[in-house]
Every structure is written in C-alpha cells, then in structure tokens.
$ cat target-v3.cif   # mmCIF, C-alpha atoms
data_upload
loop_
_atom_site.group_PDB
_atom_site.id
_atom_site.type_symbol
_atom_site.label_atom_id
_atom_site.label_comp_id
_atom_site.auth_asym_id
_atom_site.auth_seq_id
_atom_site.Cartn_x
_atom_site.Cartn_y
_atom_site.Cartn_z
ATOM 1 C CA MET A 1 134.603 122.062 59.764
ATOM 2 C CA ALA A 2 137.039 119.959 61.826
ATOM 3 C CA ALA A 3 137.713 122.924 64.098
ATOM 4 C CA THR A 4 133.996 123.362 64.687
ATOM 5 C CA SER A 5 133.654 119.649 65.436
ATOM 6 C CA ASP A 6 136.551 119.833 67.910
ATOM 7 C CA THR A 7 134.946 122.856 69.563
ATOM 8 C CA GLN A 8 131.638 121.034 69.900
ATOM 9 C CA ARG A 9 133.333 117.960 71.348
ATOM 10 C CA GLY A 10 135.211 120.148 73.821
ATOM 11 C CA ALA A 11 132.013 121.886 74.921
ATOM 12 C CA HIS A 12 130.290 118.506 75.301
ATOM 13 C CA ALA A 13 133.163 117.182 77.433
ATOM 14 C CA ARG A 14 133.068 120.295 79.652
ATOM 15 C CA ARG A 15 129.322 119.860 80.217
ATOM 16 C CA LEU A 16 129.800 116.239 81.267
ATOM 17 C CA SER A 17 132.595 117.144 83.684
ATOM 18 C CA SER A 18 130.557 119.996 85.173
ATOM 19 C CA PRO A 19 129.004 119.446 88.592
ATOM 20 C CA GLU A 20 125.870 121.287 87.455
ATOM 21 C CA PRO A 21 122.755 119.067 87.523
ATOM 22 C CA LEU A 22 121.490 117.859 84.149
ATOM 23 C CA VAL A 23 117.829 118.634 83.497
ATOM 24 C CA PRO A 24 115.559 118.662 80.415
ATOM 25 C CA ARG A 25 115.673 121.777 78.268
ATOM 26 C CA LYS A 26 111.949 122.135 78.878
ATOM 27 C CA ARG A 27 109.033 120.132 80.194
ATOM 28 C CA PRO A 28 105.830 119.502 78.247
ATOM 29 C CA THR A 29 102.763 121.537 79.117
ATOM 30 C CA GLN A 30 100.200 120.037 76.732
ATOM 31 C CA GLU A 31 98.784 116.505 76.798
ATOM 32 C CA ARG A 32 100.105 115.590 73.360
ATOM 33 C CA SER A 33 103.591 116.782 74.249
ATOM 34 C CA ARG A 34 103.470 114.933 77.561
ATOM 35 C CA ARG A 35 102.645 111.696 75.761
ATOM 36 C CA LYS A 36 105.668 112.120 73.493
ATOM 37 C CA PHE A 37 107.878 113.068 76.442
ATOM 38 C CA ASP A 38 106.743 110.004 78.408
ATOM 39 C CA ALA A 39 107.115 107.739 75.364
ATOM 40 C CA MET A 40 110.734 108.809 74.893
ATOM 41 C CA LEU A 41 111.524 108.100 78.531
ATOM 42 C CA THR A 42 109.731 104.752 78.422
ATOM 43 C CA GLU A 43 111.680 103.645 75.357
ATOM 44 C CA ALA A 44 114.937 104.943 76.833
ATOM 45 C CA ARG A 45 114.334 102.847 79.940
ATOM 46 C CA GLU A 46 113.656 99.728 77.877
ATOM 47 C CA LEU A 47 116.696 100.311 75.667
ATOM 48 C CA LEU A 48 118.885 100.852 78.690
ATOM 49 C CA ILE A 49 117.996 97.347 79.865
ATOM 50 C CA GLU A 50 118.472 95.844 76.407
ATOM 51 C CA VAL A 51 121.707 97.459 75.199
ATOM 52 C CA GLY A 52 123.291 99.146 78.225
ATOM 53 C CA PHE A 53 124.247 102.757 78.700
ATOM 54 C CA GLU A 54 127.309 102.748 76.430
ATOM 55 C CA SER A 55 125.238 101.636 73.423
ATOM 56 C CA LEU A 56 122.247 103.827 74.230
ATOM 57 C CA THR A 57 121.700 106.529 71.561
ATOM 58 C CA CYS A 58 119.259 109.388 71.194
ATOM 59 C CA GLU A 59 118.610 108.338 67.601
ATOM 60 C CA GLU A 60 117.427 104.871 68.637
ATOM 61 C CA ILE A 61 115.307 106.278 71.461
ATOM 62 C CA ALA A 62 113.574 108.660 69.048
ATOM 63 C CA ALA A 63 113.025 105.885 66.500
ATOM 64 C CA ARG A 64 111.551 103.552 69.102
ATOM 65 C CA ALA A 65 109.306 106.307 70.460
ATOM 66 C CA ASP A 66 108.243 107.185 66.894
ATOM 67 C CA VAL A 67 109.219 110.843 67.187
ATOM 68 C CA PRO A 68 111.601 112.926 65.031
ATOM 69 C CA ILE A 69 115.085 113.249 66.488
ATOM 70 C CA GLY A 70 114.549 117.015 66.504
ATOM 71 C CA THR A 71 111.617 116.556 68.877
ATOM 72 C CA LEU A 72 113.803 114.583 71.272
ATOM 73 C CA TYR A 73 116.452 117.309 71.218
ATOM 74 C CA GLN A 74 113.820 119.921 72.027
ATOM 75 C CA TYR A 75 113.603 118.293 75.449
ATOM 76 C CA PHE A 76 116.892 116.476 75.999
ATOM 77 C CA ALA A 77 120.358 117.719 75.087
ATOM 78 C CA ASN A 78 121.812 114.198 75.145
ATOM 79 C CA LYS A 79 121.414 110.724 76.625
ATOM 80 C CA TYR A 80 122.998 111.850 79.899
ATOM 81 C CA VAL A 81 120.081 114.198 80.525
ATOM 82 C CA ILE A 82 117.681 111.381 79.678
ATOM 83 C CA VAL A 83 119.111 108.947 82.239
ATOM 84 C CA CYS A 84 119.103 111.721 84.838
ATOM 85 C CA GLU A 85 115.417 112.280 84.175
ATOM 86 C CA LEU A 86 114.825 108.537 84.571
ATOM 87 C CA ASP A 87 116.677 108.705 87.882
ATOM 88 C CA ARG A 88 114.449 111.603 88.941
ATOM 89 C CA GLN A 89 111.390 109.510 88.118
ATOM 90 C CA ASP A 90 112.695 106.622 90.205
ATOM 91 C CA ALA A 91 113.526 108.942 93.103
ATOM 92 C CA ALA A 92 110.011 110.437 92.968
ATOM 93 C CA GLY A 93 108.562 106.954 93.324
ATOM 94 C CA VAL A 94 110.708 106.307 96.372
ATOM 95 C CA GLN A 95 109.711 109.681 97.840
ATOM 96 C CA ASN A 96 106.078 108.595 97.697
ATOM 97 C CA ALA A 97 106.971 105.392 99.542
ATOM 98 C CA VAL A 98 108.971 107.373 102.122
ATOM 99 C CA ALA A 99 105.997 109.679 102.696
ATOM 100 C CA ALA A 100 103.754 106.679 103.376
ATOM 101 C CA PHE A 101 106.342 105.290 105.799
ATOM 102 C CA GLY A 102 106.679 108.669 107.501
ATOM 103 C CA ALA A 103 102.945 108.865 108.111
ATOM 104 C CA GLU A 104 103.325 105.914 110.517
ATOM 105 C CA ILE A 105 106.230 107.456 112.441
ATOM 106 C CA PRO A 106 106.771 108.088 115.344
ATOM 107 C CA SER A 107 105.858 104.662 116.613
ATOM 108 C CA LEU A 108 107.267 102.293 119.197
ATOM 109 C CA ASP A 109 106.936 99.667 116.502
ATOM 110 C CA TRP A 110 109.271 101.530 114.138
ATOM 111 C CA PRO A 111 111.705 98.572 113.646
ATOM 112 C CA ARG A 112 108.883 96.521 112.118
ATOM 113 C CA LEU A 113 107.778 99.477 110.022
ATOM 114 C CA LEU A 114 111.353 99.969 108.829
ATOM 115 C CA GLU A 115 111.545 96.332 107.742
ATOM 116 C CA LYS A 116 108.223 96.687 105.944
ATOM 117 C CA PHE A 117 109.505 99.801 104.170
ATOM 118 C CA ILE A 118 112.752 98.113 103.099
ATOM 119 C CA ASP A 119 110.763 95.139 101.810
ATOM 120 C CA HIS A 120 108.722 97.552 99.682
ATOM 121 C CA LEU A 121 111.846 99.156 98.202
ATOM 122 C CA ALA A 122 113.418 95.743 97.621
ATOM 123 C CA ARG A 123 110.381 94.671 95.601
ATOM 124 C CA LEU A 124 110.666 97.828 93.494
ATOM 125 C CA TRP A 125 114.258 96.952 92.597
ATOM 126 C CA GLN A 126 113.574 93.265 92.076
ATOM 127 C CA ASP A 127 110.459 93.768 89.941
ATOM 128 C CA ASP A 128 111.875 96.598 87.825
ATOM 129 C CA THR A 129 115.314 95.736 86.449
ATOM 130 C CA SER A 130 115.622 99.201 84.935
ATOM 131 C CA ARG A 131 116.246 100.709 88.382
ATOM 132 C CA ARG A 132 119.694 99.161 88.592
ATOM 133 C CA ALA A 133 120.410 100.075 84.966
ATOM 134 C CA VAL A 134 119.456 103.706 85.614
ATOM 135 C CA TRP A 135 121.376 103.860 88.900
ATOM 136 C CA LEU A 136 124.529 102.542 87.231
ATOM 137 C CA ALA A 137 124.108 104.893 84.255
ATOM 138 C CA VAL A 138 124.012 108.004 86.422
ATOM 139 C CA GLN A 139 127.329 107.025 87.995
ATOM 140 C CA SER A 140 129.035 107.428 84.604
ATOM 141 C CA THR A 141 130.093 111.113 84.643
ATOM 142 C CA PRO A 142 130.601 113.905 87.209
ATOM 143 C CA ALA A 143 127.517 115.739 85.918
ATOM 144 C CA THR A 144 125.235 112.701 86.065
ATOM 145 C CA ARG A 145 126.560 111.836 89.530
ATOM 146 C CA ALA A 146 125.944 115.419 90.654
ATOM 147 C CA THR A 147 122.376 115.191 89.406
ATOM 148 C CA ALA A 148 121.800 111.850 91.122
ATOM 149 C CA THR A 149 123.162 113.416 94.311
ATOM 150 C CA VAL A 150 120.541 116.175 94.069
ATOM 151 C CA HIS A 151 117.827 113.512 93.883
ATOM 152 C CA GLU A 152 119.340 111.557 96.779
ATOM 153 C CA ARG A 153 119.608 114.685 98.917
ATOM 154 C CA ALA A 154 115.946 115.482 98.374
ATOM 155 C CA LEU A 155 115.182 112.004 99.668
ATOM 156 C CA ALA A 156 117.625 112.453 102.542
ATOM 157 C CA GLU A 157 115.921 115.678 103.620
ATOM 158 C CA GLN A 158 112.628 113.813 103.695
ATOM 159 C CA VAL A 159 114.201 110.974 105.696
ATOM 160 C CA ALA A 160 115.760 113.440 108.141
ATOM 161 C CA ARG A 161 112.327 114.821 109.000
ATOM 162 C CA ILE A 162 110.947 111.324 109.507
ATOM 163 C CA ILE A 163 113.719 110.039 111.763
ATOM 164 C CA ALA A 164 113.829 113.203 113.870
ATOM 165 C CA PRO A 165 111.511 111.740 116.570
ATOM 166 C CA LEU A 166 113.625 108.566 116.620
ATOM 167 C CA THR A 167 116.939 110.428 116.965
ATOM 168 C CA PRO A 168 116.296 113.407 119.288
ATOM 169 C CA SER A 169 119.920 113.663 120.444
ATOM 170 C CA GLN A 170 121.390 113.474 116.928
ATOM 171 C CA ARG A 171 120.248 116.804 115.525
ATOM 172 C CA PRO A 172 123.763 118.040 114.575
ATOM 173 C CA ARG A 173 124.467 114.920 112.503
ATOM 174 C CA ARG A 174 120.970 113.985 111.370
ATOM 175 C CA ALA A 175 121.410 115.391 107.858
ATOM 176 C CA MET A 176 124.558 113.334 107.345
ATOM 177 C CA MET A 177 122.896 110.276 108.877
ATOM 178 C CA SER A 178 120.050 110.592 106.392
ATOM 179 C CA GLU A 179 122.359 110.937 103.393
ATOM 180 C CA VAL A 180 124.276 107.852 104.531
ATOM 181 C CA LEU A 181 121.018 105.934 104.977
ATOM 182 C CA VAL A 182 119.721 106.823 101.505
ATOM 183 C CA HIS A 183 122.990 106.133 99.686
ATOM 184 C CA THR A 184 123.529 102.864 101.544
ATOM 185 C CA VAL A 185 120.030 101.639 100.741
ATOM 186 C CA TYR A 186 120.424 102.547 97.046
ATOM 187 C CA SER A 187 123.853 100.915 96.818
ATOM 188 C CA LEU A 188 122.853 97.694 98.545
ATOM 189 C CA LEU A 189 119.589 97.329 96.646
ATOM 190 C CA SER A 190 121.533 97.720 93.412
ATOM 191 C CA PHE A 191 123.979 95.096 94.697
ATOM 192 C CA SER A 192 121.108 92.800 95.713
ATOM 193 C CA VAL A 193 119.790 92.479 92.158
ATOM 194 C CA GLN A 194 123.209 92.055 90.579
ATOM 195 C CA GLU A 195 123.585 88.759 88.760
ATOM 196 C CA GLY A 196 124.831 86.022 91.068
ATOM 197 C CA GLN A 197 123.788 87.767 94.282
ATOM 198 C CA ASN A 198 121.319 86.395 96.819
ATOM 199 C CA HIS A 199 118.593 89.051 96.917
ATOM 200 C CA PRO A 200 116.755 87.906 100.092
ATOM 201 C CA GLU A 201 119.984 87.550 102.092
ATOM 202 C CA THR A 202 121.231 90.963 101.000
ATOM 203 C CA VAL A 203 117.909 92.579 101.933
ATOM 204 C CA ALA A 204 118.047 90.850 105.348
ATOM 205 C CA GLU A 205 121.532 92.311 105.939
ATOM 206 C CA LEU A 206 120.296 95.727 104.842
ATOM 207 C CA LYS A 207 117.526 95.559 107.450
ATOM 208 C CA ARG A 208 120.068 94.684 110.151
ATOM 209 C CA MET A 209 122.338 97.542 109.098
ATOM 210 C CA MET A 210 119.592 100.167 108.984
ATOM 211 C CA GLY A 211 117.974 99.024 112.226
ATOM 212 C CA GLY A 212 121.314 98.898 114.016
ATOM 213 C CA TYR A 213 122.293 102.342 112.736
ATOM 214 C CA LEU A 214 119.126 103.935 114.091
ATOM 215 C CA MET A 215 119.458 101.983 117.352
ATOM 216 C CA LEU A 216 122.693 103.906 117.968
ATOM 217 C CA GLU A 217 120.448 106.663 119.304
ATOM 218 C CA ASP A 218 119.819 104.608 122.447
ATOM 219 C CA THR A 219 123.516 103.803 122.894
ATOM 220 C CA ASP A 220 124.607 107.417 122.425
ATOM 221 C CA HIS A 221 121.888 108.624 124.772
ATOM 222 C CA LEU A 222 122.966 106.206 127.528
ATOM 223 C CA GLY A 223 126.630 107.027 126.997
ATOM 224 C CA SER A 224 125.989 110.726 127.585
ATOM 225 C CA HIS A 225 124.552 110.092 131.036
#

$ encode --input "target-v3.cif" --output "structure tokens"
Amino acid sequence: MAATSDTQRGAHARRLSSPEPLVPRKRPTQERSRRKFDAMLTEARELLIEVGFESLTCEEIAARADVPIGTLYQYFANKYVIVCELDRQDAAGVQNAVAAFGAEIPSLDWPRLLEKFIDHLARLWQDDTSRRAVWLAVQSTPATRATATVHERALAEQVARIIAPLTPSQRPRRAMMSEVLVHTVYSLLSFSVQEGQNHPETVAELKRMMGGYLMLEDTDHLGSH
C-alpha cells in the first residue's frame, strides 16, 4: 500500500514539474453539466480569495459547489488544473477587451486609446480581487506557469496583430514585444492591487511605460535614416 502511495506521489510530482499545459479532463456539453462545471469554478475562485492557494482543496470546492467529489474529478485532476482553468477564464475576458481596443486601431489617437484600454484592465483587477489570487496561484509550479504562458501567448499574438500598424519597422521583434507588453501589464496590475500599494500611481506608471515602449518605433525609424 505504501509503495503504491509513493508511486502515486511520484507521478503527481512529475506532472507538476512537466511543462505540459494543464487542462480539464473534459468539458461539459450539456446545460446541467455546464452549471456544475461553472459552479465548481465559481466556488474555487471564492475559496482562493478566502483561504489562499496552499489551503485550497478539491474536497472543499466540491462541498461548496454541492457536487460529489467524484464529479469534480471527472473534470479536474487536481487543484492545479482548476486554477489554470480560472486563469484561462480571466485571459478570455482580457482577449475580449483587447479585441474591442483593436477595433479602434490604427488611429493617430492611439496613445489616448491605449490609456483608455489600460484603465479598463486596471478596473478589472481592482474590482475583482480573485484576478491577483489566480495569477499568483498559477506561478506556483512549472506546469501551471507553462499553462499561464500559453494563455499569455494567445493574448500576445492578438496584441501583435493590433500593434502591427503602429510598429511597421519592428516586424522581426514584434512577437517578443507583444509578449513583453502582456507580461509587464499582468505583473504590474497584480502589483498595483497588492496590499500597501498605490493603485492609481502604479497604473499611471504603467501607462507611461507602455506608451514609451511603443513610441520607440518613431525613435528607431529616425535612427535608421
């Protein structure tokens, strides 16, 4: 019995150290199943705020969502998969905001639009404290970080398409620029809502950083002539 337990623990440790993205075992296809799936994620998000990632358990999530633990395990192998799915949800919300921003680009007024976009993201982080909790949770293991990176890269690809008209001479480095932009925004927004930090001042600095970074296009263009 002990040998089996050791084997299971070893397999669990290998999964968490794997760079493979963590995803649900399956996704619901029927309305009733979707309600249960959503309820588990909703309760997991609330518990994450209340008790933190270390104390988060699948058993408590299932109890709070009023579903058998076996039902939870049909969809999620462990709590690491759950927080990765929460991160995917958060990233999807940002993707929708990015798409709305992109619809207004190209524009000569892009610095104002960028500030407006950052203000929107800042409100998301300030109004929903679970975003920071989820973002910190997915930094906990190589596998969760790898999964968060997949979500960030999807956003970065979207950003790269949007900033293309603003950075015509930066095509070789635009993908890297976009990944830096996305990760910097996520990191600083998480920092901005940390206890003891001045949220408005941090957001103002973020706007300066992002605007200045994109303004490099003009400097590089002039320097090449």

$ closest_atom_pairs --input "target-v3.cif" --of "stretch 27-91 of chain A" --to "stretch 140-159 of chain A" --cutoff "10 Å" --atoms "only C-alpha atoms" --output "CSV"
residue,atom,partner,partner_atom,distance
A:Phe53,CA,A:Ser140,CA,8.9
A:Glu54,CA,A:Ser140,CA,9.6
A:Tyr80,CA,A:Thr144,CA,6.6
A:Val81,CA,A:Thr144,CA,7.7
A:Ile82,CA,A:Thr144,CA,10.0
A:Val83,CA,A:Thr144,CA,8.1
A:Cys84,CA,A:Thr144,CA,6.3
A:Glu85,CA,A:Thr147,CA,9.2
A:Asp87,CA,A:Ala148,CA,6.8
A:Arg88,CA,A:His151,CA,6.3
A:Gln89,CA,A:His151,CA,9.5
A:Asp90,CA,A:His151,CA,9.3
A:Ala91,CA,A:His151,CA,6.3

$ write_last_selection --input "target-v3.cif" --atoms "C-alpha atoms" --output "mmCIF file, in the coordinates of the input"
data_model
loop_
_atom_site.group_PDB
_atom_site.id
_atom_site.type_symbol
_atom_site.label_atom_id
_atom_site.label_comp_id
_atom_site.auth_asym_id
_atom_site.auth_seq_id
_atom_site.Cartn_x
_atom_site.Cartn_y
_atom_site.Cartn_z
ATOM 1 C CA PHE A 53 124.247 102.757 78.700
ATOM 2 C CA GLU A 54 127.309 102.748 76.430
ATOM 3 C CA TYR A 80 122.998 111.850 79.899
ATOM 4 C CA VAL A 81 120.081 114.198 80.525
ATOM 5 C CA ILE A 82 117.681 111.381 79.678
ATOM 6 C CA VAL A 83 119.111 108.947 82.239
ATOM 7 C CA CYS A 84 119.103 111.721 84.838
ATOM 8 C CA GLU A 85 115.417 112.280 84.175
ATOM 9 C CA ASP A 87 116.677 108.705 87.882
ATOM 10 C CA ARG A 88 114.449 111.603 88.941
ATOM 11 C CA GLN A 89 111.390 109.510 88.118
ATOM 12 C CA ASP A 90 112.695 106.622 90.205
ATOM 13 C CA ALA A 91 113.526 108.942 93.103
#

$ resolve_selection --input "target-v3.cif" --expression "the PyMOL selection byres ((chain A and resi 49) around 12)" --output "list in words"
Thr42, Glu43, Ala44, Arg45, Glu46, Leu47, Leu48, Glu50, Val51, Gly52, Phe53, Glu54, Ser55, Leu56, Val83, Asp128, Thr129, Ser130, Arg131, Arg132, Ala133, Val134, Trp135, Leu136 and Ala137 of chain A

$ resolve_selection --input "target-v3.cif" --expression "the PyMOL selection byres ((chain A and resi 163) around 10)" --output "list in words"
Gly102, Ile105, Pro106, Trp110, Gln158, Val159, Ala160, Arg161, Ile162, Ala164, Pro165, Leu166, Thr167, Pro168, Gln170, Arg174, Met177, Ser178 and Leu214 of chain A

$ atom_distance --input "target-v3.cif" --atom1 "atom CA of A:Val185" --atom2 "atom CA of A:Met215"
16.6 Å

$ closest_atom_pairs --input "target-v3.cif" --of "stretch 84-122 of chain A" --to "stretch 203-212 of chain A" --cutoff "10 Å" --atoms "all atoms listed in the file" --output "tab-separated table"
residue	atom	partner	partner_atom	distance
A:Trp110	CA	A:Gly211	CA	9.3
A:Pro111	CA	A:Gly211	CA	6.4
A:Arg112	CA	A:Gly211	CA	9.4
A:Leu114	CA	A:Gly211	CA	7.5
A:Glu115	CA	A:Lys207	CA	6.0
A:Lys116	CA	A:Lys207	CA	9.5
A:Phe117	CA	A:Lys207	CA	9.6
A:Ile118	CA	A:Lys207	CA	6.9
A:Asp119	CA	A:Val203	CA	7.6
A:Leu121	CA	A:Val203	CA	9.7
A:Ala122	CA	A:Val203	CA	7.0

$ atom_distance --input "target-v3.cif" --atom1 "atom CA of A:Tyr75" --atom2 "atom CA of A:Arg27"
6.8 Å

$ residues_near_point --input "target-v3.cif" --point "(105.5, 104.2, 95.5)" --cutoff "12 Å" --atoms "all atoms listed in the file" --output "list in words"
Gln89, Asp90, Ala91, Ala92, Gly93, Val94, Gln95, Asn96, Ala97, Val98, Ala99, Ala100, Phe101, Phe117, His120, Leu121, Ala122, Arg123, Leu124 and Trp125 of chain A

$ closest_residue --input "target-v3.cif" --among "A:Gln194, A:Leu86, A:Ser187, A:Leu108" --to "A:Val138" --atoms "all atoms listed in the file"
A:Leu86

$ atom_distance --input "target-v3.cif" --atom1 "atom CA of A:Leu72" --atom2 "atom CA of A:Gln139"
22.8 Å

$ closest_residue --input "target-v3.cif" --among "A:Ala39, A:Thr57, A:Tyr213, A:Gly196" --to "A:Lys79" --atoms "only C-alpha atoms"
A:Thr57

$ decode --input "target-v3.cif" --residues "stretch 196-211 of chain A" --atoms "N, CA, C and O atoms" --output "PDB file, in the first residue's frame"
ATOM      1  N   GLY A 196      -1.006  47.705   0.363  1.00  0.00           N
ATOM      2  CA  GLY A 196       0.002  48.723   0.651  1.00  0.00           C
ATOM      3  C   GLY A 196       0.482  49.495  -0.559  1.00  0.00           C
ATOM      4  O   GLY A 196       1.230  50.467  -0.433  1.00  0.00           O
ATOM      5  N   GLN A 197       0.044  49.063  -1.770  1.00  0.00           N
ATOM      6  CA  GLN A 197       0.474  49.754  -2.979  1.00  0.00           C
ATOM      7  C   GLN A 197      -0.549  50.824  -3.376  1.00  0.00           C
ATOM      8  O   GLN A 197      -1.732  50.714  -3.075  1.00  0.00           O
ATOM      9  N   ASN A 198      -0.051  51.848  -4.066  1.00  0.00           N
ATOM     10  CA  ASN A 198      -0.915  52.916  -4.558  1.00  0.00           C
ATOM     11  C   ASN A 198      -1.370  52.545  -5.962  1.00  0.00           C
ATOM     12  O   ASN A 198      -0.605  52.660  -6.923  1.00  0.00           O
ATOM     13  N   HIS A 199      -2.607  52.088  -6.080  1.00  0.00           N
ATOM     14  CA  HIS A 199      -3.122  51.598  -7.366  1.00  0.00           C
ATOM     15  C   HIS A 199      -3.100  52.674  -8.459  1.00  0.00           C
ATOM     16  O   HIS A 199      -2.543  52.434  -9.551  1.00  0.00           O
ATOM     17  N   PRO A 200      -3.653  53.865  -8.231  1.00  0.00           N
ATOM     18  CA  PRO A 200      -3.662  54.880  -9.293  1.00  0.00           C
ATOM     19  C   PRO A 200      -2.266  55.263  -9.772  1.00  0.00           C
ATOM     20  O   PRO A 200      -2.036  55.429 -10.983  1.00  0.00           O
ATOM     21  N   GLU A 201      -1.314  55.399  -8.832  1.00  0.00           N
ATOM     22  CA  GLU A 201       0.045  55.780  -9.227  1.00  0.00           C
ATOM     23  C   GLU A 201       0.709  54.674 -10.042  1.00  0.00           C
ATOM     24  O   GLU A 201       1.429  54.951 -11.013  1.00  0.00           O
ATOM     25  N   THR A 202       0.480  53.432  -9.642  1.00  0.00           N
ATOM     26  CA  THR A 202       1.075  52.318 -10.392  1.00  0.00           C
ATOM     27  C   THR A 202       0.502  52.248 -11.801  1.00  0.00           C
ATOM     28  O   THR A 202       1.232  52.024 -12.772  1.00  0.00           O
ATOM     29  N   VAL A 203      -0.806  52.440 -11.931  1.00  0.00           N
ATOM     30  CA  VAL A 203      -1.446  52.427 -13.247  1.00  0.00           C
ATOM     31  C   VAL A 203      -0.911  53.575 -14.102  1.00  0.00           C
ATOM     32  O   VAL A 203      -0.672  53.405 -15.307  1.00  0.00           O
ATOM     33  N   ALA A 204      -0.690  54.742 -13.502  1.00  0.00           N
ATOM     34  CA  ALA A 204      -0.139  55.886 -14.247  1.00  0.00           C
ATOM     35  C   ALA A 204       1.253  55.554 -14.778  1.00  0.00           C
ATOM     36  O   ALA A 204       1.593  55.884 -15.925  1.00  0.00           O
ATOM     37  N   GLU A 205       2.076  54.886 -13.955  1.00  0.00           N
ATOM     38  CA  GLU A 205       3.418  54.488 -14.405  1.00  0.00           C
ATOM     39  C   GLU A 205       3.342  53.452 -15.512  1.00  0.00           C
ATOM     40  O   GLU A 205       4.134  53.466 -16.458  1.00  0.00           O
ATOM     41  N   LEU A 206       2.358  52.547 -15.397  1.00  0.00           N
ATOM     42  CA  LEU A 206       2.175  51.532 -16.434  1.00  0.00           C
ATOM     43  C   LEU A 206       1.848  52.191 -17.766  1.00  0.00           C
ATOM     44  O   LEU A 206       2.373  51.790 -18.821  1.00  0.00           O
ATOM     45  N   LYS A 207       1.006  53.198 -17.750  1.00  0.00           N
ATOM     46  CA  LYS A 207       0.650  53.921 -18.978  1.00  0.00           C
ATOM     47  C   LYS A 207       1.889  54.558 -19.595  1.00  0.00           C
ATOM     48  O   LYS A 207       2.094  54.500 -20.820  1.00  0.00           O
ATOM     49  N   ARG A 208       2.727  55.168 -18.743  1.00  0.00           N
ATOM     50  CA  ARG A 208       3.956  55.797 -19.254  1.00  0.00           C
ATOM     51  C   ARG A 208       4.882  54.752 -19.882  1.00  0.00           C
ATOM     52  O   ARG A 208       5.467  54.979 -20.941  1.00  0.00           O
ATOM     53  N   MET A 209       5.014  53.620 -19.208  1.00  0.00           N
ATOM     54  CA  MET A 209       5.885  52.557 -19.714  1.00  0.00           C
ATOM     55  C   MET A 209       5.404  52.026 -21.060  1.00  0.00           C
ATOM     56  O   MET A 209       6.184  51.898 -22.004  1.00  0.00           O
ATOM     57  N   MET A 210       4.104  51.707 -21.142  1.00  0.00           N
ATOM     58  CA  MET A 210       3.574  51.129 -22.370  1.00  0.00           C
ATOM     59  C   MET A 210       3.611  52.135 -23.520  1.00  0.00           C
ATOM     60  O   MET A 210       3.975  51.800 -24.649  1.00  0.00           O
ATOM     61  N   GLY A 211       3.223  53.374 -23.232  1.00  0.00           N
ATOM     62  CA  GLY A 211       3.261  54.407 -24.265  1.00  0.00           C
ATOM     63  C   GLY A 211       4.675  54.651 -24.751  1.00  0.00           C
ATOM     64  O   GLY A 211       4.934  54.736 -25.957  1.00  0.00           O
TER      65      GLY A 211
END
